[in-house]
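Trainee: First the structure, then my questions, so here it is.
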Amino acid sequence: MLTRLSAVALLMAAVSISAVLTGTAAAVPPPPPNPSDAEISASRAEADAKAARVGELTGRLTQAESRLQELLDEVVKRELANKARVDLETAISDAEAARREATAARVQADAASQAVEESRRALDEFAAASYSQGSTVGSFSAYIGAKSPEDLLARAQMLEAVSSSGLNQLDRVTRDQGTAANLDSAARAALTKAELKQAAADEAKKVAEQAQQVAAEAHTAQTAATTQLQSDRDAVERDLAAARGEVNGLEAQRRQYDQWTEAKKREDEENARRAAAAQAAAQASRPPVAAPAPSGNRVQTVINRALSQRGVIYAWGGGNYNGPTYGVRDGGVADSYGDYLKIGFDCSGLMMYAFAGVGVYLPHYSGYQYNSGRKVPLSQMAPGDMIFWGPGGGTHVALYLGGGMMVEAPHSGAVVRISPVRYGGIMPYVTRML
């Protein structure tokens, strides 16, 4: 169905009319591509979806980078492992010192114990000797046995010395026992402290190294995830730029096509006006005759010319007064069928060819053809009348044959054919040219 004007056909029409006219309107070039509303809407929706995806990925990337920084801080805490190592070395050193102290204390304790034993043995010997001599510390018998004052003084001095020595020996035993006990306790405490410090340092080192390993692995994984997110966002941003470029390109094509449509409309109106003027001038120059040729013969000529093209391929924008021509691009359905590469007719092109056989030159647009002749109610249509569909007749046109049948060039992919009249969307009037 033809809804736009054919540049090629109108150009041929202008050439045909140039024999009678002194000039014609400048021909408008072939139409630019005309993207459909659906294509433009789909392109905009795709661009919007890509923009939303970029926003989503940007948010996720921000979170990932924040997490990456947190993990980096955790990895930085590997210094805690270094601290643990230093603490361990200090603890080992302290433990070794404590062990040395414990060893020294043990030696001293052993020496003290030996001294205690020796003191105890000496005391035992003193007591045994004193007993065997029949004297004890502070015994009066030593004084009674004296034979002279000098002997008495000597015996008193001896007893005093022995008594002092024994008491001193007893004090030394007691003191050596206390020293030995203290040194032994200190040695044990130092060893326990050293062992606790080393165990704590070993545990701190193990925990710190485990924490460092976990943090390093998490940082590595997060770095990979962040890099992938960055790559994904960059890819979607490139897709977004391409999608926006496609939207802009389609919208620019639509604007160009709208401008072309306006220019073609003005050209067609000018060509139609010139054709009508040329036809009027030609009729005015003819000598008067008694009566015109029978209209029935003219109607049959029109019908015969239309029927002679049965089987010719449909080509949008194709056909003129002389026969089939190449179609033109429409930027949509016709292009998908390759109409611009085919030689054939569209609906209004077939009417141009049919009526040119009786000297009636119609414009290549069904909407203008609808207003080219007398309006007759649909109920009174007769063979040779043009039947129209769509607002203002601008969607489709066919030639009525009579008996409820018509001849038409229907649509892309079809051929010129005879069909029953379709009443869906039909105009209430037909156009009668003869």
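Starting from 1 in every chain, residues are counted up; chains themselves are A, B, ... following the order of the structure tokens, and ligands are numbered from 1 as listed.
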Please report, as a ChimeraX atom specification, each residue of range 213-411 of chain A to which DSSP assigns alpha helix (DSSP H) when run on this structure's backbone.
Mentor: /A:213-285,295-307,333-336,347-356,366-370
Trainee: Could you give me, as a ChimeraX atom specification, the residues within 9 Å of Ala334 in chain A, counting only C-alpha atoms and dropping anything in the same chain fewer than 3 positions from it?
Mentor: /A:315-316,327-331,337-340,411-413
Trainee: Write the residues you've just listed into a file as a PDB file, in the first residue's frame, and include C-alpha atoms for each of them.
Mentor:
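This is the output file selection25.pdb:
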```
ATOM      1  CA  ALA A 315       7.438  -2.582  -6.373  1.00  0.00           C
ATOM      2  CA  TRP A 316       6.768   0.277  -3.964  1.00  0.00           C
ATOM      3  CA  GLY A 327      10.732   0.798  -7.049  1.00  0.00           C
ATOM      4  CA  VAL A 328      12.225   3.188  -4.506  1.00  0.00           C
ATOM      5  CA  ARG A 329      13.331   2.809  -0.894  1.00  0.00           C
ATOM      6  CA  ASP A 330      10.818   3.330   1.908  1.00  0.00           C
ATOM      7  CA  GLY A 331      13.143   2.634   4.830  1.00  0.00           C
ATOM      8  CA  TYR A 337      11.392  -7.095   0.229  1.00  0.00           C
ATOM      9  CA  GLY A 338      14.009  -5.393  -1.959  1.00  0.00           C
ATOM     10  CA  ASP A 339      11.329  -3.415  -3.872  1.00  0.00           C
ATOM     11  CA  TYR A 340      13.920  -0.814  -4.879  1.00  0.00           C
ATOM     12  CA  HIS A 411       1.534  -5.104  -1.574  1.00  0.00           C
ATOM     13  CA  SER A 412       5.234  -6.030  -1.429  1.00  0.00           C
ATOM     14  CA  GLY A 413       5.843  -9.650  -2.264  1.00  0.00           C
TER      15      GLY A 413
END
```
Trainee: Show which residues sit within 10 Å of Cys347 in chain A, as an MDAnalysis selection string. Count only C-alpha atoms, and ignore same-chain residues fewer than 2 positions away.
Mentor: chainID A and resid 1:2 314:319 345 349:352 364:366 395:399 407:411 416
Trainee: Keeping C-alpha atoms, export the residues of the selection given above as a short mmCIF file (atom, residue, chain, number, x, y, z; two decimals), in the first residue's frame.
Mentor:
```cif
data_model
loop_
_atom_site.label_atom_id
_atom_site.label_comp_id
_atom_site.auth_asym_id
_atom_site.auth_seq_id
_atom_site.Cartn_x
_atom_site.Cartn_y
_atom_site.Cartn_z
CA MET A 1 0.00 0.00 0.00
CA LEU A 2 1.31 3.39 -0.94
CA TYR A 314 4.76 -5.25 -6.91
CA ALA A 315 7.44 -2.58 -6.37
CA TRP A 316 6.77 0.28 -3.96
CA GLY A 317 7.07 3.57 -5.85
CA GLY A 318 7.20 1.70 -9.16
CA GLY A 319 5.27 2.39 -12.38
CA PHE A 345 4.03 -1.27 -10.05
CA GLY A 349 1.55 3.52 -10.33
CA LEU A 350 -0.78 0.93 -11.92
CA MET A 351 -3.58 3.55 -12.06
CA MET A 352 -1.21 6.03 -13.73
CA HIS A 364 1.65 9.10 -8.31
CA TYR A 365 -0.16 9.21 -4.97
CA SER A 366 -3.49 7.55 -4.17
CA THR A 395 -3.70 4.01 1.83
CA HIS A 396 -4.60 2.02 -1.29
CA VAL A 397 -6.32 2.26 -4.69
CA ALA A 398 -7.68 -0.35 -7.14
CA LEU A 399 -9.67 -0.33 -10.45
CA VAL A 407 -7.62 -5.28 -10.41
CA GLU A 408 -4.85 -4.04 -8.12
CA ALA A 409 -1.16 -4.00 -7.26
CA PRO A 410 -1.68 -5.12 -3.63
CA HIS A 411 1.53 -5.10 -1.57
CA VAL A 416 -0.73 -7.35 -10.05
#
```
Trainee: Would you list the contacts of Arg374 in chain A as a PDB file with N, CA and C atoms, in the first residue's frame, taking every protein, DNA or RNA residue within 12 Å and counting only C-alpha atoms, but skipping same-chain residues closer than 3 positions in sequence?
Mentor:
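Saved to around35.pdb:
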```
ATOM      1  N   GLN A 369      -5.023  11.033  -6.285  1.00  0.00           N
ATOM      2  CA  GLN A 369      -5.894  10.409  -7.289  1.00  0.00           C
ATOM      3  C   GLN A 369      -7.351  10.401  -6.819  1.00  0.00           C
ATOM      4  N   TYR A 370      -7.563  10.241  -5.512  1.00  0.00           N
ATOM      5  CA  TYR A 370      -8.928  10.233  -4.975  1.00  0.00           C
ATOM      6  C   TYR A 370      -9.656  11.546  -5.294  1.00  0.00           C
ATOM      7  N   ASN A 371      -8.909  12.633  -5.358  1.00  0.00           N
ATOM      8  CA  ASN A 371      -9.528  13.949  -5.618  1.00  0.00           C
ATOM      9  C   ASN A 371      -9.372  14.404  -7.061  1.00  0.00           C
ATOM     10  N   PRO A 377     -21.058   7.735  -5.077  1.00  0.00           N
ATOM     11  CA  PRO A 377     -21.274   6.851  -3.929  1.00  0.00           C
ATOM     12  C   PRO A 377     -20.854   5.423  -4.256  1.00  0.00           C
ATOM     13  N   MET A 381     -20.955   2.464  -7.886  1.00  0.00           N
ATOM     14  CA  MET A 381     -19.714   2.328  -8.647  1.00  0.00           C
ATOM     15  C   MET A 381     -19.938   1.475  -9.893  1.00  0.00           C
ATOM     16  N   ASP A 385     -14.195   2.762 -12.449  1.00  0.00           N
ATOM     17  CA  ASP A 385     -14.067   3.660 -11.290  1.00  0.00           C
ATOM     18  C   ASP A 385     -12.874   3.210 -10.424  1.00  0.00           C
ATOM     19  N   MET A 386     -12.250   4.179  -9.776  1.00  0.00           N
ATOM     20  CA  MET A 386     -11.171   3.854  -8.843  1.00  0.00           C
ATOM     21  C   MET A 386     -11.746   3.741  -7.427  1.00  0.00           C
ATOM     22  N   TYR A 429     -16.883   6.689  -1.132  1.00  0.00           N
ATOM     23  CA  TYR A 429     -17.036   7.158  -2.503  1.00  0.00           C
ATOM     24  C   TYR A 429     -15.943   6.561  -3.379  1.00  0.00           C
ATOM     25  N   VAL A 430     -16.275   6.355  -4.636  1.00  0.00           N
ATOM     26  CA  VAL A 430     -15.283   6.000  -5.636  1.00  0.00           C
ATOM     27  C   VAL A 430     -15.020   7.242  -6.479  1.00  0.00           C
ATOM     28  N   THR A 431     -13.923   7.220  -7.263  1.00  0.00           N
ATOM     29  CA  THR A 431     -13.593   8.355  -8.117  1.00  0.00           C
ATOM     30  C   THR A 431     -13.776   7.938  -9.588  1.00  0.00           C
ATOM     31  N   ARG A 432     -14.588   8.718 -10.331  1.00  0.00           N
ATOM     32  CA  ARG A 432     -14.881   8.407 -11.727  1.00  0.00           C
ATOM     33  C   ARG A 432     -14.177   9.435 -12.596  1.00  0.00           C
ATOM     34  N   MET A 433     -13.245   8.954 -13.428  1.00  0.00           N
ATOM     35  CA  MET A 433     -12.484   9.831 -14.310  1.00  0.00           C
ATOM     36  C   MET A 433     -13.091   9.962 -15.697  1.00  0.00           C
ATOM     37  N   LEU A 434     -13.908   8.983 -16.146  1.00  0.00           N
ATOM     38  CA  LEU A 434     -14.431   8.972 -17.533  1.00  0.00           C
ATOM     39  C   LEU A 434     -15.957   8.999 -17.535  1.00  0.00           C
TER      40      LEU A 434
END
```
Trainee: Return the single residue from A:Leu153, A:Val358, A:Ala181, A:Ala95 that is closest to Ile303 in chain A, with distances computed using only C-alpha atoms.
Mentor: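 For Ile303 in chain A, the nearest of the given residues is A:Val358.
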Trainee: Here is a test: counting only C-alpha atoms, which residue of A:Asn304, A:Asn182, A:Thr90, A:Ser348 is nearest to Ala201 in chain A?
Mentor: A:Thr90
Trainee: Just want the 12 Å neighbourhood of range 400-405 of chain A, counted on only C-alpha atoms, with same-chain residues fewer than 4 positions away dropped. Output as a PyMOL selection string.
Mentor: chain A and resi 299-304+306-307+351+378-388+417-423+430-432
Trainee: What is the distance between CA of Arg233 in chain A and CA of Ala64 in chain A, in Å to one decimal?
Mentor: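 Separation of CA of Arg233 in chain A and CA of Ala64 in chain A: 12.7 Å.
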Trainee: In terms of the shortest atom-to-atom distance over only C-alpha atoms, which of A:Ala98, A:Val236, A:Leu362, A:Met427 is closest to Gly55 in chain A?
Mentor: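 Comparing A:Ala98, A:Val236, A:Leu362, A:Met427 against Gly55 in chain A, the winner is A:Val236.
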Trainee: Tell me which protein, DNA and RNA residues are within 12 Å of Ala199 in chain A, counting only C-alpha atoms, leaving out same-chain ones fewer than 2 positions away, and put them as a list in words.
Mentor: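 After dropping sequence-adjacent residues, the list is Ala84, Asp87, Leu88, Glu89, Ala91, Ile92, Ala95, Thr192, Lys193, Ala194, Glu195, Leu196, Lys197, Ala201, Asp202, Glu203, Ala204, Lys205 and Lys206 of chain A.
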Trainee: Just how far from CA of Gly332 in chain A is CA of Asp48 in chain A, in Å to one decimal?
Mentor: 24.0 Å
Trainee: Applying 7 Å and only C-alpha atoms, which residues near Ile40 in chain A remain after dropping the ones on its own chain fewer than 5 positions away? List them as a VMD selection string.
Mentor: chain A and resid 35 247 250
Trainee: Selected residues, C-alpha atoms, written as an mmCIF file, in the first residue's frame, please.
Mentor:
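And here's part_27.cif as it stands now:
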```
data_model
loop_
_atom_site.group_PDB
_atom_site.id
_atom_site.type_symbol
_atom_site.label_atom_id
_atom_site.label_comp_id
_atom_site.auth_asym_id
_atom_site.auth_seq_id
_atom_site.Cartn_x
_atom_site.Cartn_y
_atom_site.Cartn_z
ATOM 1 C CA PRO A 35 13.159 4.267 10.581
ATOM 2 C CA VAL A 247 19.182 6.592 18.749
ATOM 3 C CA LEU A 250 17.617 7.042 13.792
#
```
Trainee: Using only C-alpha atoms, which of A:Gly393, A:Glu150, A:Leu341, A:Ser41 sits nearest Lys375 in chain A?
Mentor: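 That would be A:Gly393, the residue with the smallest distance to Lys375 in chain A.
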